[in-house]
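What follows is the content of protein.txt, which has compact mmCIF, C-alpha atoms:
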```txt
# COMPACT_ATOMS: atom_id res chain seq x y z
CA MET A 1 39.62 26.76 169.47
CA ARG A 2 43.13 27.63 168.33
CA GLY A 3 45.37 30.65 168.16
CA GLU A 4 43.70 33.65 169.73
CA ASN A 5 41.03 31.36 171.23
CA ALA A 6 43.57 29.24 173.07
CA VAL A 7 42.95 28.74 176.78
CA ARG A 8 45.64 28.40 179.43
CA VAL A 9 44.67 25.23 181.32
CA ALA A 10 46.08 23.95 184.63
CA ILE A 11 45.29 20.45 185.89
CA TYR A 12 45.52 18.95 189.38
CA THR A 13 45.18 15.20 189.76
CA LEU A 14 44.28 13.26 192.90
CA GLY A 15 44.09 9.51 193.35
CA CYS A 16 45.03 6.43 191.40
CA LYS A 17 47.00 5.60 188.27
CA VAL A 18 43.78 5.57 186.23
CA ASN A 19 43.23 9.21 187.15
CA GLN A 20 46.84 9.94 186.25
CA TYR A 21 46.35 8.21 182.91
CA GLU A 22 43.17 10.12 182.16
CA THR A 23 44.83 13.42 183.07
CA GLN A 24 47.70 12.64 180.68
CA ALA A 25 45.13 11.88 177.98
CA MET A 26 43.35 15.19 178.61
CA GLU A 27 46.69 17.01 178.44
CA THR A 28 47.35 15.43 175.05
CA LEU A 29 43.86 16.29 173.79
CA LEU A 30 44.09 19.88 175.05
CA THR A 31 47.39 20.49 173.26
CA GLN A 32 45.93 18.94 170.10
CA ARG A 33 43.07 21.46 170.36
CA GLY A 34 45.57 24.30 170.52
CA HIS A 35 45.38 25.10 174.21
CA GLU A 36 48.31 25.79 176.51
CA LEU A 37 49.13 23.73 179.59
CA VAL A 38 50.40 25.77 182.54
CA PRO A 39 51.39 24.90 186.13
CA PHE A 40 48.51 24.60 188.58
CA GLU A 41 50.11 26.97 191.07
CA GLY A 42 50.46 29.67 188.44
CA GLU A 43 48.05 31.85 186.50
CA ALA A 44 45.56 30.07 184.24
CA ASP A 45 42.27 30.70 182.45
CA ALA A 46 40.81 27.34 183.43
CA TYR A 47 41.59 24.91 186.24
CA ILE A 48 40.70 21.22 185.99
CA ILE A 49 40.60 19.22 189.22
CA ASN A 50 40.51 15.47 188.54
CA THR A 51 39.23 14.15 191.86
CA CYS A 52 39.35 11.00 193.96
CA THR A 53 36.73 9.69 196.38
CA VAL A 54 38.26 6.46 197.68
CA THR A 55 38.14 7.81 201.26
CA ALA A 56 36.53 10.70 203.11
CA VAL A 57 40.02 12.19 203.31
CA SER A 58 40.19 12.10 199.50
CA ASP A 59 36.96 14.10 199.35
CA LYS A 60 38.40 16.65 201.77
CA LYS A 61 41.58 17.03 199.71
CA SER A 62 39.51 17.50 196.55
CA ARG A 63 37.46 20.26 198.20
CA GLN A 64 40.63 21.97 199.43
CA VAL A 65 42.12 22.02 195.93
CA ILE A 66 38.87 23.34 194.43
CA ARG A 67 38.70 26.17 196.98
CA ARG A 68 42.37 26.99 196.43
CA ALA A 69 41.83 27.25 192.67
CA ARG A 70 38.80 29.47 193.08
CA LYS A 71 40.59 31.75 195.51
CA SER A 72 43.61 32.16 193.24
CA ALA A 73 41.49 32.72 190.11
CA PRO A 74 38.22 34.49 190.91
CA ASP A 75 37.48 34.99 187.20
CA GLY A 76 38.83 31.64 185.97
CA VAL A 77 36.81 28.60 184.97
CA ILE A 78 36.86 25.89 187.65
CA ALA A 79 36.10 22.48 186.12
CA VAL A 80 35.80 19.38 188.31
CA CYS A 81 35.69 15.79 187.09
CA GLY A 82 36.41 12.31 188.43
CA CYS A 83 35.01 10.05 191.10
CA TYR A 84 34.04 12.63 193.74
CA PRO A 85 31.42 14.58 191.72
CA GLN A 86 30.24 11.32 190.15
CA THR A 87 29.21 9.97 193.55
CA HIS A 88 28.54 13.18 195.48
CA PRO A 89 27.37 15.85 193.02
CA ALA A 90 25.60 17.84 195.75
CA ASP A 91 28.97 18.46 197.41
CA MET A 92 29.93 20.67 194.47
CA GLU A 93 27.40 23.29 195.56
CA GLY A 94 28.93 26.26 197.30
CA LEU A 95 32.46 25.54 196.02
CA GLY A 96 32.32 27.94 193.10
CA VAL A 97 32.56 25.23 190.45
CA ASP A 98 31.67 26.25 186.88
CA LEU A 99 31.74 22.81 185.23
CA VAL A 100 30.82 19.58 187.02
CA SER A 101 31.41 16.26 185.30
CA GLY A 102 32.13 12.70 186.42
CA THR A 103 34.22 9.73 185.33
CA GLY A 104 32.99 9.28 181.75
CA ASP A 105 33.42 10.94 178.34
CA ARG A 106 36.64 12.90 178.73
CA GLN A 107 36.37 14.19 175.15
CA GLY A 108 32.92 15.55 175.92
CA PHE A 109 34.22 17.08 179.15
CA LEU A 110 36.78 19.08 177.19
CA ASP A 111 34.07 20.20 174.76
CA LEU A 112 32.10 21.47 177.75
CA LEU A 113 35.20 23.15 179.16
CA GLU A 114 35.54 25.16 175.96
CA GLU A 115 31.83 25.98 176.04
CA THR A 116 32.01 27.09 179.68
CA TRP A 117 34.98 29.33 178.90
CA ARG A 118 33.17 30.81 175.89
CA GLU A 119 29.69 31.25 177.33
CA ARG A 120 30.54 31.81 181.02
CA GLN A 121 27.52 29.79 182.10
CA PRO A 122 27.82 26.95 184.66
CA ILE A 123 27.26 23.41 183.40
CA THR A 124 26.59 20.15 185.22
CA ALA A 125 26.95 17.05 183.06
CA LEU A 126 26.68 13.75 184.93
CA ASP A 127 25.49 10.38 183.72
CA ASP A 128 24.60 7.03 185.31
CA ALA A 129 27.90 5.19 185.61
CA PHE A 130 26.16 1.80 185.54
CA ALA A 131 24.51 2.64 182.22
CA ARG A 132 27.86 2.79 180.40
CA ARG A 133 28.55 -0.10 178.07
CA SER A 134 31.55 0.98 175.98
CA PHE A 135 35.18 1.64 176.79
CA GLU A 136 36.28 5.19 176.07
CA ILE A 137 39.53 5.07 174.10
CA LEU A 138 41.89 7.88 175.03
CA PRO A 139 45.43 8.74 173.92
CA ALA A 140 47.99 6.58 175.71
CA GLY A 141 51.38 7.69 176.95
CA GLY A 142 51.99 11.20 178.17
CA LEU A 143 53.72 14.47 177.44
CA GLU A 144 56.77 13.93 179.65
CA GLY A 145 59.98 12.36 178.27
CA ARG A 146 59.46 8.98 176.63
CA THR A 147 60.25 6.55 179.45
CA ARG A 148 57.25 4.74 180.92
CA ALA A 149 53.76 4.89 179.41
CA MET A 150 50.51 3.88 181.01
CA LEU A 151 47.97 2.07 178.86
CA LYS A 152 44.49 1.96 180.32
CA VAL A 153 42.91 -1.33 179.30
CA GLU A 154 39.87 -1.55 181.60
CA ASP A 155 37.38 0.57 183.50
CA GLY A 156 34.74 -0.25 186.09
CA CYS A 157 34.41 -2.79 188.91
CA VAL A 158 31.62 -5.02 190.20
CA ASN A 159 33.38 -6.56 193.21
CA PHE A 160 31.53 -4.34 195.73
CA CYS A 161 33.99 -4.68 198.59
CA SER A 162 32.24 -3.46 201.72
CA TYR A 163 34.65 -0.53 202.28
CA CYS A 164 34.74 0.73 198.68
CA ILE A 165 32.62 3.20 196.76
CA ILE A 166 34.48 2.96 193.46
CA PRO A 167 31.96 0.65 191.67
CA TYR A 168 29.39 3.43 192.07
CA ALA A 169 31.85 5.95 190.65
CA ARG A 170 33.08 3.87 187.72
CA GLY A 171 30.22 1.53 186.83
CA ARG A 172 30.38 -1.84 185.13
CA VAL A 173 33.46 -3.48 183.63
CA ARG A 174 34.40 -2.17 180.19
CA SER A 175 37.47 -3.43 178.34
CA LEU A 176 39.77 -2.11 175.66
CA PRO A 177 39.50 -4.65 172.79
CA LEU A 178 42.59 -6.81 172.31
CA ALA A 179 43.32 -5.68 168.76
CA ARG A 180 43.19 -2.02 169.80
CA ALA A 181 45.42 -2.71 172.81
CA GLU A 182 47.99 -4.28 170.51
CA GLU A 183 47.82 -1.26 168.18
CA GLU A 184 48.31 1.13 171.09
CA ALA A 185 51.26 -0.87 172.41
CA ALA A 186 52.96 -0.90 169.00
CA ALA A 187 52.41 2.85 168.68
CA LEU A 188 53.96 3.50 172.09
CA ALA A 189 56.98 1.46 171.10
CA ALA A 190 57.33 3.52 167.92
CA GLU A 191 57.14 6.74 169.96
CA GLY A 192 60.21 5.73 171.98
CA TYR A 193 58.77 4.51 175.25
CA ARG A 194 60.71 1.71 176.98
CA GLU A 195 58.01 0.35 179.29
CA ILE A 196 54.22 -0.01 179.25
CA VAL A 197 52.15 -0.27 182.43
CA LEU A 198 48.78 -1.93 181.92
CA THR A 199 46.36 -0.12 184.19
CA GLY A 200 42.66 0.02 184.99
CA ILE A 201 40.23 0.11 187.86
CA GLU A 202 40.31 -3.70 188.13
CA ILE A 203 42.42 -5.16 185.31
CA SER A 204 41.80 -8.73 186.46
CA SER A 205 38.27 -8.24 185.09
CA TRP A 206 39.57 -7.34 181.64
CA GLY A 207 37.67 -9.23 178.93
CA HIS A 208 34.60 -10.09 181.00
CA ASP A 209 32.50 -7.88 178.73
CA LEU A 210 34.10 -8.95 175.45
CA GLU A 211 32.91 -11.68 173.12
CA GLY A 212 34.29 -15.05 174.22
CA ARG A 213 35.35 -13.60 177.61
CA PRO A 214 39.12 -13.63 176.96
CA ALA A 215 41.40 -13.84 179.98
CA LEU A 216 43.82 -11.18 181.17
CA MET A 217 46.77 -13.28 180.04
CA ASP A 218 45.41 -13.19 176.47
CA LEU A 219 45.78 -9.42 176.65
CA VAL A 220 49.23 -9.61 178.24
CA GLU A 221 50.51 -11.96 175.56
CA GLY A 222 49.13 -9.72 172.81
CA VAL A 223 50.69 -6.56 174.23
CA CYS A 224 54.03 -8.29 174.87
CA ARG A 225 54.11 -9.46 171.25
CA ALA A 226 53.05 -6.11 169.80
CA ALA A 227 55.74 -4.27 171.79
CA SER A 228 58.37 -6.99 172.02
CA GLY A 229 61.19 -4.50 172.64
CA LEU A 230 59.43 -2.89 175.61
CA ARG A 231 59.01 -4.03 179.18
CA VAL A 232 55.38 -4.71 180.08
CA ARG A 233 54.29 -4.24 183.67
CA LEU A 234 50.97 -5.20 185.22
CA GLY A 235 48.85 -3.07 187.51
CA SER A 236 47.15 -4.38 190.64
CA LEU A 237 45.80 -7.95 190.34
CA GLU A 238 42.99 -9.78 192.07
CA PRO A 239 44.70 -12.84 193.61
CA ARG A 240 42.40 -15.36 191.91
CA THR A 241 43.77 -14.17 188.55
CA VAL A 242 47.03 -15.96 189.34
CA THR A 243 46.58 -19.57 188.23
CA GLU A 244 48.91 -22.25 186.92
CA ASP A 245 47.97 -21.26 183.36
CA PHE A 246 48.55 -17.55 184.09
CA CYS A 247 52.02 -18.22 185.50
CA ARG A 248 53.07 -20.72 182.85
CA ARG A 249 52.15 -18.39 180.00
CA GLY A 250 53.49 -15.30 181.74
CA ALA A 251 56.87 -16.88 182.48
CA ALA A 252 57.27 -17.58 178.75
CA LEU A 253 57.14 -13.84 177.95
CA PRO A 254 60.67 -12.39 178.13
CA ASN A 255 59.47 -8.78 178.40
CA LEU A 256 56.87 -9.27 181.14
CA CYS A 257 58.17 -7.68 184.33
CA PRO A 258 58.39 -10.10 187.31
CA HIS A 259 56.54 -7.66 189.56
CA PHE A 260 53.07 -8.61 190.76
CA HIS A 261 50.91 -6.42 192.98
CA LEU A 262 48.36 -8.73 194.59
CA SER A 263 45.75 -6.84 196.57
CA LEU A 264 45.51 -8.41 200.06
CA GLN A 265 43.76 -5.92 202.43
CA SER A 266 43.82 -8.40 205.33
CA GLY A 267 45.65 -11.59 206.24
CA CYS A 268 42.73 -12.87 208.35
CA ASP A 269 39.87 -14.86 206.83
CA SER A 270 37.17 -13.48 209.10
CA VAL A 271 38.16 -9.90 208.23
CA LEU A 272 38.31 -10.74 204.53
CA LYS A 273 34.77 -12.05 204.77
CA ARG A 274 33.56 -8.81 206.38
CA MET A 275 35.34 -6.91 203.63
CA ASN A 276 33.45 -8.98 201.03
CA ARG A 277 36.69 -9.99 199.37
CA LYS A 278 36.33 -12.94 197.01
CA TYR A 279 39.23 -15.09 198.29
CA ASP A 280 40.63 -16.42 201.55
CA THR A 281 44.20 -16.56 202.79
CA ALA A 282 44.71 -20.11 201.49
CA ARG A 283 43.85 -19.04 197.94
CA TYR A 284 46.01 -15.96 198.26
CA LEU A 285 49.00 -17.96 199.47
CA GLN A 286 48.50 -20.34 196.56
CA SER A 287 48.91 -17.39 194.17
CA VAL A 288 52.10 -16.29 195.92
CA ARG A 289 53.58 -19.78 195.71
CA LEU A 290 52.66 -20.17 192.04
CA LEU A 291 54.42 -16.93 191.17
CA ARG A 292 57.56 -18.01 192.99
CA GLU A 293 57.51 -21.41 191.29
CA HIS A 294 57.38 -19.90 187.80
CA PHE A 295 59.35 -16.64 188.10
CA ASP A 296 62.88 -16.08 189.41
CA ASP A 297 62.60 -14.21 192.72
CA PRO A 298 59.64 -12.05 191.64
CA ALA A 299 58.68 -8.92 193.51
CA ILE A 300 55.30 -9.51 195.14
CA THR A 301 53.81 -6.34 196.58
CA THR A 302 50.47 -5.64 198.21
CA ASP A 303 48.06 -3.28 199.97
CA LEU A 304 46.94 -3.75 203.56
CA ILE A 305 44.12 -2.13 205.53
CA VAL A 306 44.52 -2.30 209.31
CA GLY A 307 41.85 -1.56 211.88
CA PHE A 308 38.91 -2.63 209.73
CA PRO A 309 35.62 -2.57 211.68
CA GLY A 310 35.54 -5.40 214.20
CA GLU A 311 39.23 -6.29 213.81
CA THR A 312 40.41 -7.82 217.08
CA GLU A 313 43.97 -8.04 218.32
CA GLU A 314 43.88 -11.77 217.50
CA GLU A 315 42.74 -11.08 213.94
CA PHE A 316 45.49 -8.51 213.52
CA ALA A 317 48.02 -11.03 214.85
CA ASP A 318 46.83 -13.45 212.15
CA THR A 319 47.51 -10.76 209.56
CA LEU A 320 51.04 -10.15 210.85
CA ALA A 321 51.80 -13.87 210.67
CA PHE A 322 50.40 -14.00 207.13
CA LEU A 323 52.64 -11.15 206.00
CA GLU A 324 55.64 -13.22 207.11
CA ALA A 325 54.32 -16.27 205.24
CA CYS A 326 53.98 -14.26 202.02
CA ALA A 327 57.33 -12.43 202.44
CA PHE A 328 56.27 -9.39 200.45
CA SER A 329 58.94 -7.24 198.82
CA ALA A 330 57.02 -4.01 199.50
CA MET A 331 53.67 -3.00 200.99
CA HIS A 332 51.30 -0.05 201.14
CA ILE A 333 49.68 0.09 204.58
CA PHE A 334 46.58 2.11 205.37
CA PRO A 335 44.63 2.53 208.60
CA TYR A 336 40.98 1.91 207.75
CA SER A 337 39.29 5.17 206.75
CA ARG A 338 35.53 5.33 207.15
CA ARG A 339 34.06 5.93 203.70
CA PRO A 340 30.46 7.20 204.02
CA ASP A 341 27.84 5.43 201.87
CA THR A 342 29.59 2.05 202.13
CA PRO A 343 28.46 -0.96 204.21
CA ALA A 344 31.65 -0.91 206.28
CA ALA A 345 30.94 2.62 207.49
CA ALA A 346 27.82 1.35 209.27
CA MET A 347 29.42 -1.77 210.75
CA ALA A 348 29.65 -2.23 214.50
CA GLY A 349 33.04 -2.33 216.17
CA GLN A 350 34.69 0.71 214.58
CA VAL A 351 38.30 0.60 215.77
CA PRO A 352 39.60 3.68 217.63
CA ARG A 353 41.99 5.90 215.72
CA GLY A 354 44.86 5.33 218.15
CA VAL A 355 44.56 1.55 217.81
CA LYS A 356 44.52 1.80 214.01
CA GLU A 357 47.62 3.98 214.01
CA GLU A 358 49.44 1.63 216.39
CA ARG A 359 48.60 -1.37 214.22
CA ALA A 360 49.70 0.49 211.10
CA HIS A 361 53.02 1.18 212.82
CA ARG A 362 53.50 -2.48 213.74
CA ALA A 363 52.56 -3.65 210.25
CA GLY A 364 54.93 -1.05 208.84
CA GLU A 365 57.81 -2.42 210.89
CA ALA A 366 57.08 -5.93 209.61
CA ALA A 367 56.86 -4.64 206.03
CA ALA A 368 60.16 -2.78 206.35
CA ALA A 369 61.95 -5.92 207.55
CA LEU A 370 60.54 -7.94 204.64
CA GLU A 371 61.54 -5.25 202.16
CA ARG A 372 65.08 -5.15 203.52
CA ALA A 373 65.37 -8.91 203.13
CA TYR A 374 64.20 -8.73 199.51
CA LEU A 375 66.54 -5.86 198.65
CA GLU A 376 69.51 -7.58 200.23
CA ARG A 377 68.86 -10.64 198.07
CA GLN A 378 69.42 -8.46 194.99
CA VAL A 379 73.00 -7.58 195.96
CA GLY A 380 75.42 -9.26 193.56
CA LYS A 381 72.84 -9.66 190.81
CA VAL A 382 72.96 -7.92 187.44
CA LEU A 383 69.63 -6.22 186.72
CA PRO A 384 68.56 -4.31 183.59
CA VAL A 385 67.55 -0.85 184.81
CA LEU A 386 65.44 1.68 182.93
CA PHE A 387 66.86 5.06 183.94
CA GLU A 388 64.41 7.93 184.22
CA GLU A 389 66.01 10.97 185.83
CA GLU A 390 69.17 12.36 187.41
CA ARG A 391 69.11 13.64 190.99
CA GLU A 392 72.02 14.88 193.07
CA GLY A 393 74.54 13.47 190.63
CA LEU A 394 73.05 9.97 190.47
CA TRP A 395 70.81 8.48 187.82
CA GLN A 396 67.67 6.80 189.12
CA GLY A 397 65.52 4.14 187.54
CA HIS A 398 63.66 0.90 188.05
CA ALA A 399 64.64 -2.71 187.56
CA PRO A 400 62.04 -5.12 186.11
CA ASN A 401 61.03 -6.03 189.68
CA TYR A 402 60.22 -2.31 190.16
CA VAL A 403 62.93 -1.82 192.75
CA GLN A 404 64.54 1.61 192.48
CA VAL A 405 68.21 1.66 191.54
CA ARG A 406 70.77 4.49 191.71
CA MET A 407 74.01 4.67 189.76
CA ALA A 408 76.56 7.26 188.70
CA GLY A 409 76.66 7.92 184.97
CA GLU A 410 76.05 10.37 182.16
CA GLY A 411 73.19 10.78 179.69
CA LEU A 412 71.25 7.73 180.85
CA HIS A 413 67.71 9.09 180.40
CA ASN A 414 65.45 6.44 178.85
CA ALA A 415 68.33 3.98 178.59
CA VAL A 416 68.08 0.37 179.76
CA CYS A 417 71.46 -0.62 181.17
CA PRO A 418 72.77 -3.75 182.90
CA VAL A 419 73.65 -2.79 186.46
CA GLU A 420 75.59 -4.82 188.99
CA ILE A 421 73.88 -4.32 192.35
CA THR A 422 76.48 -3.48 194.97
CA ALA A 423 74.45 -2.43 198.02
CA ALA A 424 70.96 -2.18 199.45
CA SER A 425 69.70 0.79 201.43
CA SER A 426 66.30 1.88 202.66
CA GLY A 427 64.01 1.50 199.65
CA TRP A 428 66.90 1.62 197.17
CA LEU A 429 69.56 -0.45 195.49
CA GLU A 430 72.98 0.97 194.62
CA GLY A 431 74.84 -0.23 191.55
CA ARG A 432 77.59 0.21 189.00
CA PRO A 433 77.76 -0.58 185.28
CA ALA A 434 77.99 -4.32 184.78
CA ARG A 435 81.20 -5.52 183.20
```

As structure tokens:
Amino acid sequence: MRGENAVRVAIYTLGCKVNQYETQAMETLLTQRGHELVPFEGEADAYIINTCTVTAVSDKKSRQVIRRARKSAPDGVIAVCGCYPQTHPADMEGLGVDLVSGTGDRQGFLDLLEETWRERQPITALDDAFARRSFEILPAGGLEGRTRAMLKVEDGCVNFCSYCIIPYARGRVRSLPLARAEEEAAALAAEGYREIVLTGIEISSWGHDLEGRPALMDLVEGVCRAASGLRVRLGSLEPRTVTEDFCRRGAALPNLCPHFHLSLQSGCDSVLKRMNRKYDTARYLQSVRLLREHFDDPAITTDLIVGFPGETEEEFADTLAFLEACAFSAMHIFPYSRRPDTPAAAMAGQVPRGVKEERAHRAGEAAAALERAYLERQVGKVLPVLFEEEREGLWQGHAPNYVQVRMAGEGLHNAVCPVEITAASSGWLEGRPAR
């Protein structure tokens, strides 16, 4: 479908970095097929909504976007994909959706989009996520200026945390083979990117389905070698991934970013057990200490859920104390959101909304103090910063530890420059060119 058969396509993406990656891949594939990408708020022939279902609120947002698209384009094709229709296909009824797909076969989804546009007949194409056995290889990178590229290396999860529905949306673990990952990394380097982010639903499980069960660090070493001139950044890690061997080998890689996002969720062992997490606070703290032993002042970031069913004030106090022990550089804090169809949704002791919000506020204050302390430690250092965009006369970018840095300058897009850090502000570092 090219030329006069080209379709104007608008895409709206909700949710995680994997969804963002898959949207970028679909954008690339659509342009290769001769179609035109247009803004979602404008006029289009077809609207793709790439959904999220991690919480009930995510479902609500997805429905709102679908309704908005249908209202603005009564004669357009509304195509919905992602985790929400995969797990709740019946919810698509009554929303005016023309094409319903799930989390697999993005190439096939675009084939069906073209068919729906051509034939004007609704299509529902959903599979069994747990029946998937192969990793779908999609174009890496993106269409925006060559700065940071995401490389999806894994899909699926079998951890079955009690609050999470994602294993049912994504299925079993499937991994991008090492040789192909190295090829993709080398190609991204040749295209002019300066950083690669390894992403997936649960990248710590990478290799579990491959022959010989290679470890995540085997992948990291391969990508770092294949793109030796690029920074390589890791997505969220399961704490048990961080071992002595992981740290020793990682510290030997000059282009591996010293930024590690270790999913925590709670700093209390009894809550972790109810969450069906596979570690306790002692094992988590061991990972934190190993990283600090092997890397120079690494950024260790995390996610935290407060107000999980049954969480007492004493258990929450344990979590606050654990945050101090870990001294995180940044945190994402979420009040527990009841996700229907998960074990946690049926647990006794659901915490009142007001209590959850109050605990989130207190955890946020603790997180802000820890972040300030980390940022202030950067003052006086010289950090290599990858500059991405100019705003209000200042260039903005990220240091290897993923801290945002601002500096005056000209023409710095996609440049990596040594910056002397002169000040720390809320969520930012200020700097000047290093002498």

Margin query: Need the shell around A:Asp98: protein/DNA/RNA residues with any atom at most 6 Å away, counting only C-alpha atoms. Skip same-chain ones fewer than 6 positions apart. Format as a list in words?
Written below: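 Skipping anything fewer than 6 positions along the chain leaves Val77, Ile78, Ala79 and Pro122 of chain A.
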
Next item on the list: Considering only C-alpha atoms, return as a VMD selection string whatever protein or nucleic-acid residues lie within 12 Å of A:Ala282, sequence-local ones (same chain, fewer than 6 positions apart) excluded.
Entry: chain A and resid 239 to 240 264 267 to 269 272 288 to 289 322 325 to 326

Item checked: Separation of atom CA of A:Gly229 from atom CA of A:Ala189, in Å and rounded to one decimal ->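 These atoms are spaced 7.5 Å apart.
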
Next item on the list: One decimal, Å: what's the distance from atom CA of A:Arg274 over to atom CA of A:Arg338, could you say?
Entry: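 Interatomic distance, atom CA of A:Arg274 to atom CA of A:Arg338: 14.3 Å.
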
Next item on the list: Record the distance separating atom CA of A:Cys247 and atom CA of A:Met217, expressed in Å with one decimal.
Entry: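 If I compute the distance from atom CA of A:Cys247 to atom CA of A:Met217, I get 9.0 Å.
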
Notebook entry, point to check: Excluding same-chain residues fewer than 2 positions from stretch 395-402 of chain A, what lies within 6 Å of it counting all atoms listed in the file, as number ranges by chain?
Noted result: A: 257-259, 299, 384-390, 404-408

Note to self: When you look at A:Asn19 with a cut-off of 12 Å (counting only C-alpha atoms), what residues show up, excluding the ones that are within fewer than 2 positions of it in the same chain? I need them as a PyMOL selection string.
What the structure shows: chain A and resi 11-17+21-26+49-54+81-84+102-104+106+150-152+155+170+199-201

Next item on the list: Give the answer as one residue: which of A:Arg353, A:Arg132, A:His208, A:Arg372 has the shortest atom-to-atom distance to A:Ser329, using all atoms listed in the file?
Entry: A:Arg372

Which residues are near A:Gly364? Cut-off 12 Å, all atoms listed in the file, ignore same chain within fewer than 5 positions. Put them as a PDB file with C-alpha atoms, in the coordinates of the input.
```pdb
ATOM      1  CA  ASP A 303      48.060  -3.280 199.970  1.00  0.00           C
ATOM      2  CA  LEU A 304      46.940  -3.750 203.560  1.00  0.00           C
ATOM      3  CA  ILE A 305      44.120  -2.130 205.530  1.00  0.00           C
ATOM      4  CA  VAL A 306      44.520  -2.300 209.310  1.00  0.00           C
ATOM      5  CA  LEU A 320      51.040 -10.150 210.850  1.00  0.00           C
ATOM      6  CA  LEU A 323      52.640 -11.150 206.000  1.00  0.00           C
ATOM      7  CA  PHE A 328      56.270  -9.390 200.450  1.00  0.00           C
ATOM      8  CA  ALA A 330      57.020  -4.010 199.500  1.00  0.00           C
ATOM      9  CA  MET A 331      53.670  -3.000 200.990  1.00  0.00           C
ATOM     10  CA  HIS A 332      51.300  -0.050 201.140  1.00  0.00           C
ATOM     11  CA  ILE A 333      49.680   0.090 204.580  1.00  0.00           C
ATOM     12  CA  PHE A 334      46.580   2.110 205.370  1.00  0.00           C
ATOM     13  CA  PRO A 335      44.630   2.530 208.600  1.00  0.00           C
ATOM     14  CA  LYS A 356      44.520   1.800 214.010  1.00  0.00           C
ATOM     15  CA  GLU A 357      47.620   3.980 214.010  1.00  0.00           C
ATOM     16  CA  GLU A 358      49.440   1.630 216.390  1.00  0.00           C
ATOM     17  CA  ARG A 359      48.600  -1.370 214.220  1.00  0.00           C
ATOM     18  CA  ALA A 369      61.950  -5.920 207.550  1.00  0.00           C
ATOM     19  CA  LEU A 370      60.540  -7.940 204.640  1.00  0.00           C
ATOM     20  CA  GLU A 371      61.540  -5.250 202.160  1.00  0.00           C
TER      21      GLU A 371
END
```

Check: Which one is closest to A:Glu293: A:Thr243, A:Ser134, A:Asn414, A:Thr55? Count only C-alpha atoms.
Finding: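 When distances to A:Glu293 are compared using only C-alpha atoms, the smallest one comes from A:Thr243.
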
Checklist line | From A:Leu30, A:Ala423, A:Val18, A:Ala149, residue lying nearest A:Val379 [all atoms listed in the file] | finding: A:Ala423

Notebook entry, point to check: List as a PyMOL selection string: which residues have an atom within 7 Å of (31.7, 21.4, 189.8), counting all atoms listed in the file?
Noted result: chain A and resi 79-80+92+97-101+124

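Distance check against A:Pro177 using only C-alpha atoms: of A:Thr31, A:Glu195, A:Cys161, A:Leu216, the minimum falls on A:Leu216.
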
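For the choices A:Val355, A:Val57, A:Ile300, A:Ala90, the atom-to-atom distance to A:Glu313 is smallest for A:Val355 when using all atoms listed in the file.
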
Check: Given the choices A:Val38, A:Gly96, A:Arg432, A:Glu27, which gets closest to A:Arg63 if the distance is worked out from all atoms listed in the file?
Finding: A:Gly96
